[in-house]
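J.: CSV, C-alpha atoms, saved as coords-v6.csv, coming up:
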chain,number,residue,atom,x,y,z
A,558,MET,CA,2.6,-52.5,13.6
A,559,THR,CA,-0.8,-53.3,15.1
A,560,GLY,CA,-3.8,-51.1,15.3
A,561,LEU,CA,-2.9,-49.2,12.1
A,562,PRO,CA,-5.7,-48.0,9.7
A,563,PRO,CA,-5.9,-49.7,6.3
A,564,ASP,CA,-3.2,-48.5,3.9
A,565,ASN,CA,-5.6,-46.6,1.7
A,566,GLU,CA,-6.9,-44.7,4.7
A,567,ARG,CA,-3.6,-44.0,6.3
A,568,CYS,CA,-1.9,-40.6,6.3
A,569,ASN,CA,0.8,-40.2,3.7
A,570,GLY,CA,2.8,-37.8,5.9
A,571,ILE,CA,6.3,-38.6,7.1
A,572,TYR,CA,7.4,-38.0,10.7
A,573,GLY,CA,10.1,-35.4,10.7
A,574,GLU,CA,13.6,-35.6,12.0
A,575,LYS,CA,12.6,-33.5,15.0
A,576,TYR,CA,9.5,-35.6,16.0
A,577,ARG,CA,9.8,-35.9,19.8
A,578,GLN,CA,6.8,-38.0,20.9
A,579,ARG,CA,8.3,-41.3,19.4
A,580,PRO,CA,11.8,-40.7,18.1
A,581,GLU,CA,12.0,-44.2,16.7
A,582,LEU,CA,9.3,-43.2,14.1
A,583,ARG,CA,11.4,-40.4,12.6
A,584,GLY,CA,11.5,-40.7,8.9
A,585,GLU,CA,8.7,-43.3,8.9
A,586,ARG,CA,5.2,-43.0,7.4
A,587,CYS,CA,2.5,-41.5,9.8
A,588,GLU,CA,0.3,-44.0,11.6
A,589,GLN,CA,-2.7,-41.8,11.8
A,590,ARG,CA,-5.9,-42.0,9.7
A,591,LYS,CA,-6.1,-39.3,7.0
A,592,LEU,CA,-8.8,-36.7,6.9
A,593,PRO,CA,-11.7,-37.1,4.5
A,594,GLY,CA,-10.9,-35.7,1.1
A,595,THR,CA,-7.2,-35.4,1.8
A,596,ASP,CA,-4.1,-37.6,2.0
A,597,PHE,CA,-3.0,-36.5,5.4
A,598,CYS,CA,-4.1,-36.5,9.0
A,599,ASN,CA,-4.7,-33.5,11.3
A,600,GLN,CA,-1.0,-33.2,12.1
A,601,HIS,CA,0.3,-33.3,8.5
A,602,PHE,CA,-2.5,-31.6,6.7
A,603,ILE,CA,-1.6,-28.1,5.5
A,604,PRO,CA,-4.1,-25.7,3.8
A,605,ASP,CA,-3.0,-25.1,0.2
A,606,HIS,CA,-2.5,-21.4,0.7
A,607,ARG,CA,-0.2,-22.0,3.7
A,608,ARG,CA,1.8,-24.8,2.0
A,609,CYS,CA,5.3,-24.3,0.6
A,610,THR,CA,5.2,-23.7,-3.2
A,611,ALA,CA,8.6,-25.1,-3.9
A,612,ARG,CA,9.2,-28.4,-5.7
A,613,LEU,CA,11.1,-31.2,-4.2
A,614,SER,CA,14.2,-32.4,-6.0
A,615,LYS,CA,14.1,-35.3,-8.5
A,616,ASN,CA,16.3,-37.3,-6.1
A,617,HIS,CA,13.9,-37.0,-3.2
A,618,PRO,CA,13.5,-40.4,-1.6
A,619,THR,CA,9.7,-40.4,-1.2
A,620,SER,CA,8.2,-37.6,-3.4
A,621,PRO,CA,10.6,-36.7,-6.3
A,622,GLY,CA,9.6,-33.6,-8.2
A,623,GLN,CA,6.4,-33.1,-6.1
A,624,ARG,CA,5.4,-30.0,-4.3
A,625,CYS,CA,6.9,-29.6,-0.8
A,626,ARG,CA,4.7,-30.7,2.0
A,627,CYS,CA,6.0,-28.3,4.6
A,628,TRP,CA,4.4,-25.2,6.1
A,629,ALA,CA,5.4,-22.0,4.4
A,630,LEU,CA,6.9,-19.5,6.9
A,631,LYS,CA,4.7,-16.7,8.1
A,632,GLY,CA,4.4,-14.1,5.4
A,633,GLN,CA,6.2,-16.2,2.8
A,634,HIS,CA,5.5,-18.7,0.1
A,635,VAL,CA,8.2,-21.2,0.9
A,636,CYS,CA,9.4,-23.1,4.0
A,637,GLY,CA,12.7,-22.6,5.8
A,638,PHE,CA,14.4,-25.4,3.9
A,639,HIS,CA,13.5,-23.8,0.5
A,640,GLY,CA,14.9,-20.3,1.3
A,641,GLY,CA,12.5,-18.9,3.8
A,642,HIS,CA,15.4,-18.0,6.2
A,643,ALA,CA,17.2,-15.9,3.5
A,644,PRO,CA,17.5,-12.2,4.7
A,645,GLN,CA,15.7,-10.8,1.6
A,646,ASN,CA,12.8,-13.3,2.0
A,647,LYS,CA,12.5,-12.5,5.7
A,648,ALA,CA,12.5,-8.8,5.0
A,649,ALA,CA,9.8,-9.3,2.3
A,650,ALA,CA,7.8,-11.4,4.7
A,651,LYS,CA,7.9,-8.7,7.4
A,652,ARG,CA,6.6,-6.2,4.8
A,653,ARG,CA,3.8,-8.5,3.7
A,654,ILE,CA,2.7,-9.0,7.3
A,655,ILE,CA,2.6,-5.3,8.0
A,656,GLU,CA,0.6,-4.7,4.8
A,657,GLU,CA,-1.8,-7.5,5.6
A,658,ARG,CA,-2.3,-6.0,9.1
A,659,ALA,CA,-2.9,-2.6,7.6
A,660,ARG,CA,-5.5,-4.0,5.2
A,661,THR,CA,-7.2,-5.8,8.1
A,662,LEU,CA,-7.4,-2.5,10.1
A,663,VAL,CA,-8.8,-0.7,7.1
A,664,ALA,CA,-11.5,-3.4,6.7
A,665,THR,CA,-12.2,-3.3,10.4
A,666,TYR,CA,-12.3,0.5,11.1
A,667,GLY,CA,-13.1,1.9,7.7
A,668,ARG,CA,-16.5,3.4,7.3
A,669,LYS,CA,-18.8,4.5,4.5
A,670,ILE,CA,-19.2,8.3,4.1
A,671,GLU,CA,-21.6,10.2,1.9
A,672,THR,CA,-19.8,11.3,-1.2
A,673,THR,CA,-19.9,11.1,-5.0
A,674,ALA,CA,-17.4,9.6,-7.4
A,675,VAL,CA,-16.6,13.1,-8.6
A,676,GLU,CA,-16.0,14.5,-5.1
A,677,ALA,CA,-14.0,11.5,-4.1
A,678,LEU,CA,-11.7,11.8,-7.1
A,679,LEU,CA,-11.2,15.5,-6.7
A,680,ASP,CA,-10.4,15.0,-3.0
A,681,GLU,CA,-7.9,12.3,-3.9
A,682,VAL,CA,-6.2,14.7,-6.4
A,683,GLN,CA,-5.9,17.4,-3.7
A,684,TRP,CA,-4.6,15.1,-1.0
A,685,THR,CA,-2.1,13.4,-3.2
A,686,ALA,CA,-0.8,16.8,-4.5
A,687,GLY,CA,-0.2,17.8,-0.9
A,688,HIS,CA,1.6,14.6,-0.2
A,689,VAL,CA,3.9,15.1,-3.2
A,690,ALA,CA,4.7,18.6,-2.2
A,691,TRP,CA,5.6,17.6,1.4
A,692,LEU,CA,7.7,14.7,0.3
A,693,ARG,CA,9.6,16.8,-2.2
A,694,ASP,CA,10.5,19.3,0.5
A,695,ARG,CA,11.6,16.4,2.7
A,696,VAL,CA,13.9,14.9,0.1
A,697,GLN,CA,15.3,18.3,-0.7
A,698,GLU,CA,16.1,18.8,3.0
A,699,ILE,CA,18.0,15.5,3.1
A,700,GLU,CA,19.9,16.3,0.0
A,701,ALA,CA,20.8,19.8,1.2
A,702,GLN,CA,22.1,18.4,4.5
A,703,ALA,CA,24.1,15.7,2.8
A,704,THR,CA,25.6,18.4,0.4
A,705,ASP,CA,26.8,20.5,3.4
A,706,ASP,CA,28.4,17.4,5.1
A,707,ASP,CA,30.1,16.0,2.0
A,708,THR,CA,30.8,18.3,-0.9
A,709,GLU,CA,33.3,15.9,-2.6
A,710,ASN,CA,30.7,13.4,-3.9
A,711,PRO,CA,28.2,14.3,-6.7
A,712,LEU,CA,24.7,14.9,-5.6
A,713,VAL,CA,22.1,12.4,-6.9
A,714,TRP,CA,18.6,12.3,-5.5
A,715,GLY,CA,18.4,9.6,-2.8
A,716,ARG,CA,22.0,8.4,-3.2
A,717,THR,CA,24.2,10.6,-1.0
A,718,ARG,CA,27.1,9.6,1.2
A,719,ARG,CA,28.7,10.9,4.4
A,720,LYS,CA,32.1,10.5,5.9
A,721,THR,CA,32.6,10.7,9.6
A,722,GLY,CA,36.1,10.3,11.2
A,723,GLY,CA,37.5,8.7,8.0
A,724,GLU,CA,34.8,6.0,8.0
A,725,ASP,CA,32.3,5.9,5.2
A,726,ARG,CA,28.9,6.2,6.8
A,727,GLY,CA,27.0,6.6,3.6
A,728,GLU,CA,25.1,3.3,3.6
A,729,THR,CA,22.7,4.2,6.4
A,730,HIS,CA,22.1,7.7,5.1
A,731,GLU,CA,21.6,6.4,1.6
A,732,ALA,CA,19.0,3.9,2.8
A,733,GLY,CA,17.2,6.6,4.7
A,734,ALA,CA,17.2,9.0,1.8
A,735,ASN,CA,16.0,6.3,-0.6
A,736,VAL,CA,13.0,5.6,1.6
A,737,TRP,CA,11.8,9.2,1.3
A,738,LEU,CA,12.6,9.2,-2.4
A,739,LYS,CA,10.7,6.1,-3.1
A,740,LEU,CA,7.7,7.5,-1.2
A,741,TYR,CA,7.9,10.7,-3.2
A,742,GLN,CA,8.1,8.8,-6.6
A,743,THR,CA,5.2,6.6,-5.6
A,744,GLU,CA,3.0,9.5,-4.6
A,745,ARG,CA,4.0,11.5,-7.7
A,746,ALA,CA,3.1,8.5,-10.0
A,747,HIS,CA,-0.2,8.2,-8.1
A,748,LEU,CA,-0.9,11.9,-8.6
A,749,VAL,CA,-0.4,11.5,-12.3
A,750,ARG,CA,-2.9,8.6,-12.4
A,751,VAL,CA,-5.6,10.4,-10.4
A,752,CYS,CA,-5.2,13.6,-12.4
A,753,SER,CA,-5.6,11.6,-15.6
A,754,GLU,CA,-8.7,10.0,-14.3
A,755,ALA,CA,-10.0,13.4,-13.3
A,756,ILE,CA,-9.4,14.8,-16.8
A,757,ARG,CA,-11.1,11.8,-18.4
A,758,ALA,CA,-14.1,12.3,-16.0
A,759,GLY,CA,-14.3,16.0,-17.0
A,760,ILE,CA,-14.3,17.2,-13.4
A,761,GLU,CA,-12.8,20.6,-14.1
A,762,GLU,CA,-15.2,21.2,-16.9
A,763,ARG,CA,-18.1,20.3,-14.6
A,764,ARG,CA,-16.8,22.6,-11.9
A,765,VAL,CA,-16.6,25.5,-14.3
A,766,LYS,CA,-20.2,24.8,-15.6
A,767,LEU,CA,-21.4,24.6,-12.0
A,768,ALA,CA,-19.7,27.8,-11.0
A,769,GLU,CA,-21.2,29.6,-14.0
A,770,SER,CA,-24.6,28.3,-13.2
A,771,GLN,CA,-24.3,29.4,-9.5
A,772,GLY,CA,-23.0,32.8,-10.6
A,773,GLU,CA,-26.0,33.3,-12.8
A,774,GLN,CA,-28.3,32.4,-10.0
A,775,VAL,CA,-26.6,34.8,-7.7
A,776,ALA,CA,-26.8,37.6,-10.3
A,777,GLN,CA,-30.5,36.9,-10.8
A,778,ALA,CA,-31.1,37.0,-7.1
A,779,ILE,CA,-29.2,40.4,-6.8
A,780,ARG,CA,-31.2,41.9,-9.7
A,781,GLY,CA,-34.5,40.8,-8.0
A,782,ILE,CA,-33.4,42.3,-4.7
A,783,LEU,CA,-32.4,45.6,-6.2
A,784,SER,CA,-35.6,45.8,-8.2
A,785,ASP,CA,-37.8,45.2,-5.1
A,786,LEU,CA,-35.9,47.9,-3.1
A,787,HIS,CA,-36.9,50.6,-5.6
A,788,LEU,CA,-33.5,52.4,-5.3
A,789,THR,CA,-33.0,55.9,-6.5
A,790,ALA,CA,-30.9,56.7,-9.5
A,791,GLU,CA,-28.0,57.7,-7.3
A,792,GLN,CA,-28.1,54.4,-5.4
A,793,LEU,CA,-28.4,52.4,-8.6
A,794,ALA,CA,-25.3,54.2,-9.9
A,795,LEU,CA,-23.3,52.7,-6.9
A,796,VAL,CA,-24.4,49.1,-7.6
A,797,PRO,CA,-21.7,48.2,-10.2
A,798,ASP,CA,-18.9,49.2,-7.7
A,799,ILE,CA,-20.4,47.9,-4.4
A,800,VAL,CA,-21.8,44.5,-5.3
A,801,PRO,CA,-18.7,43.1,-7.1
A,802,LYS,CA,-16.5,44.3,-4.2
A,803,HIS,CA,-18.5,42.3,-1.7
A,804,LEU,CA,-18.7,39.3,-3.9
A,805,ARG,CA,-15.0,39.2,-4.4
A,806,ALA,CA,-14.6,39.4,-0.6
A,807,LEU,CA,-16.9,36.5,-0.2
A,808,ILE,CA,-15.0,34.3,-2.7
A,809,SER,CA,-11.6,35.1,-1.2
In structure tokens, how does this file's structure come out?
T.:
Amino acid sequence: MTGLPPDNERCNGIYGEKYRQRPELRGERCEQRKLPGTDFCNQHFIPDHRRCTARLSKNHPTSPGQRCRCWALKGQHVCGFHGGHAPQNKAAAKRRIIEERARTLVATYGRKIETTAVEALLDEVQWTAGHVAWLRDRVQEIEAQATDDDTENPLVWGRTRRKTGGEDRGETHEAGANVWLKLYQTERAHLVRVCSEAIRAGIEERRVKLAESQGEQVAQAIRGILSDLHLTAEQLALVPDIVPKHLRALIS
């Protein structure tokens, strides 16, 4: 071969079996010059985080036992040859892609708001508690519906089955119920964590102290107002009944 770069500057990549430009080079070493700091050319260089993490077999003709040089499939850590086309790996890849897209959207559209650590933690407790209550009702609705349709099978949360026309249709229903059950369990576990953090932070104790402090300030303000009004004895006698009534209405 003429016009090739020196051997120590030549790409170590191998033309694949599907190389179309020059089919006669399939399986041969690449003829291009490798990129500075790498052992491969533009065509064969793969960033480390996108490269298949599997190891080649000990009987591989060119790189026995070394890391695979193929691209990992999108959302995966391995190439198609090393299991990337397996149904469970494709499903996991789809989930990772969706999660990554969600993180990108949060980073793009999220914004800073004025809050404190205490307020943020308390808000998280309240929101999560609402999520748990809603999801619990949803799972119970699914379970109740399944019980009405099929009373022969024992009822286990998230694992109910239906029979329609003699055919067992439980697989689809079971999968759907399990999705809601998993969400419920995840949110419940998160609620326990944030509640524990809130307890450690002493949020409820701070709220009680703040309420007591505010209540004392209101009481002082009311006493000052009543003193400045120079009420009669009959009017002062009505204060213990009228003021608490209006304060309770304001709180409720």
J.: Could you pull the residues within 12 Å of Gly560 (chain A), counting only C-alpha atoms, minus those fewer than 2 positions along the same chain, as a list of chain:residue names?
T.: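 The neighbour list is A:Met558, A:Pro562, A:Pro563, A:Asp564, A:Arg567, A:Glu588, A:Gln589, A:Arg590.
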J.: Print the selection's residues with C-alpha atoms to a file, as a PDB file, in the coordinates of the input.
T.:
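And here is the file that came out, part01.pdb:
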ATOM      1  CA  MET A 558       2.600 -52.500  13.600  1.00  0.00           C
ATOM      2  CA  PRO A 562      -5.700 -48.000   9.700  1.00  0.00           C
ATOM      3  CA  PRO A 563      -5.900 -49.700   6.300  1.00  0.00           C
ATOM      4  CA  ASP A 564      -3.200 -48.500   3.900  1.00  0.00           C
ATOM      5  CA  ARG A 567      -3.600 -44.000   6.300  1.00  0.00           C
ATOM      6  CA  GLU A 588       0.300 -44.000  11.600  1.00  0.00           C
ATOM      7  CA  GLN A 589      -2.700 -41.800  11.800  1.00  0.00           C
ATOM      8  CA  ARG A 590      -5.900 -42.000   9.700  1.00  0.00           C
TER       9      ARG A 590
END
J.: For region 627-642 of chain A, work out the shell of residues within 7 Å, counting only C-alpha atoms and skipping chain neighbours fewer than 2 positions away, then give it as JSON, numbers by chain.
T.: {"A": [603, 607, 608, 609, 610, 611, 625, 644, 646, 647, 650, 651, 653, 654]}
J.: Please provide the set of residues having any atom within 9 Å of Trp737 (chain A), restricted to all atoms listed in the file, with same-chain residues fewer than 6 positions apart removed, written as a list of chain:residue names.
T.: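 The filter keeps A:Leu692, A:Arg693, A:Arg695, A:Val696, A:Gly715.
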J.: Just checking: using only C-alpha atoms, which residue out of A:Thr672, A:Leu748, A:Ile571, A:Val800 ends up closest to Ala776 (chain A)?
T.: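 The closest residue to Ala776 (chain A) is A:Val800.
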J.: Ranking A:Val751, A:Thr665, A:Ala790, A:Leu582 by minimum distance to Leu679 (chain A) and counting only C-alpha atoms, which one comes first?
T.: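 When distances to Leu679 (chain A) are compared using only C-alpha atoms, the smallest one comes from A:Val751.
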J.: Can you work out the spacing between CA of Tyr572 (chain A) and CA of Gly584 (chain A) in Å, to one decimal?
T.: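 Answer for the CA of Tyr572 (chain A) to CA of Gly584 (chain A) separation: 5.2 Å.
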J.: What does the structure give for the distance between CA of Phe597 (chain A) and CA of Cys568 (chain A), in Å to one decimal?
T.: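 We find that CA of Phe597 (chain A) and CA of Cys568 (chain A) lie 4.3 Å from each other.
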J.: Go through A:Val736, A:Glu791, A:His601, A:Leu678 one by one, measure the shortest atom-to-atom distance of each to Arg757 (chain A) using all atoms listed in the file, and give the residue with the smallest value.
T.: A:Leu678
J.: Tell me, in Å to one decimal, how far CA of Arg626 (chain A) is from CA of Ser614 (chain A).
T.: 12.5 Å
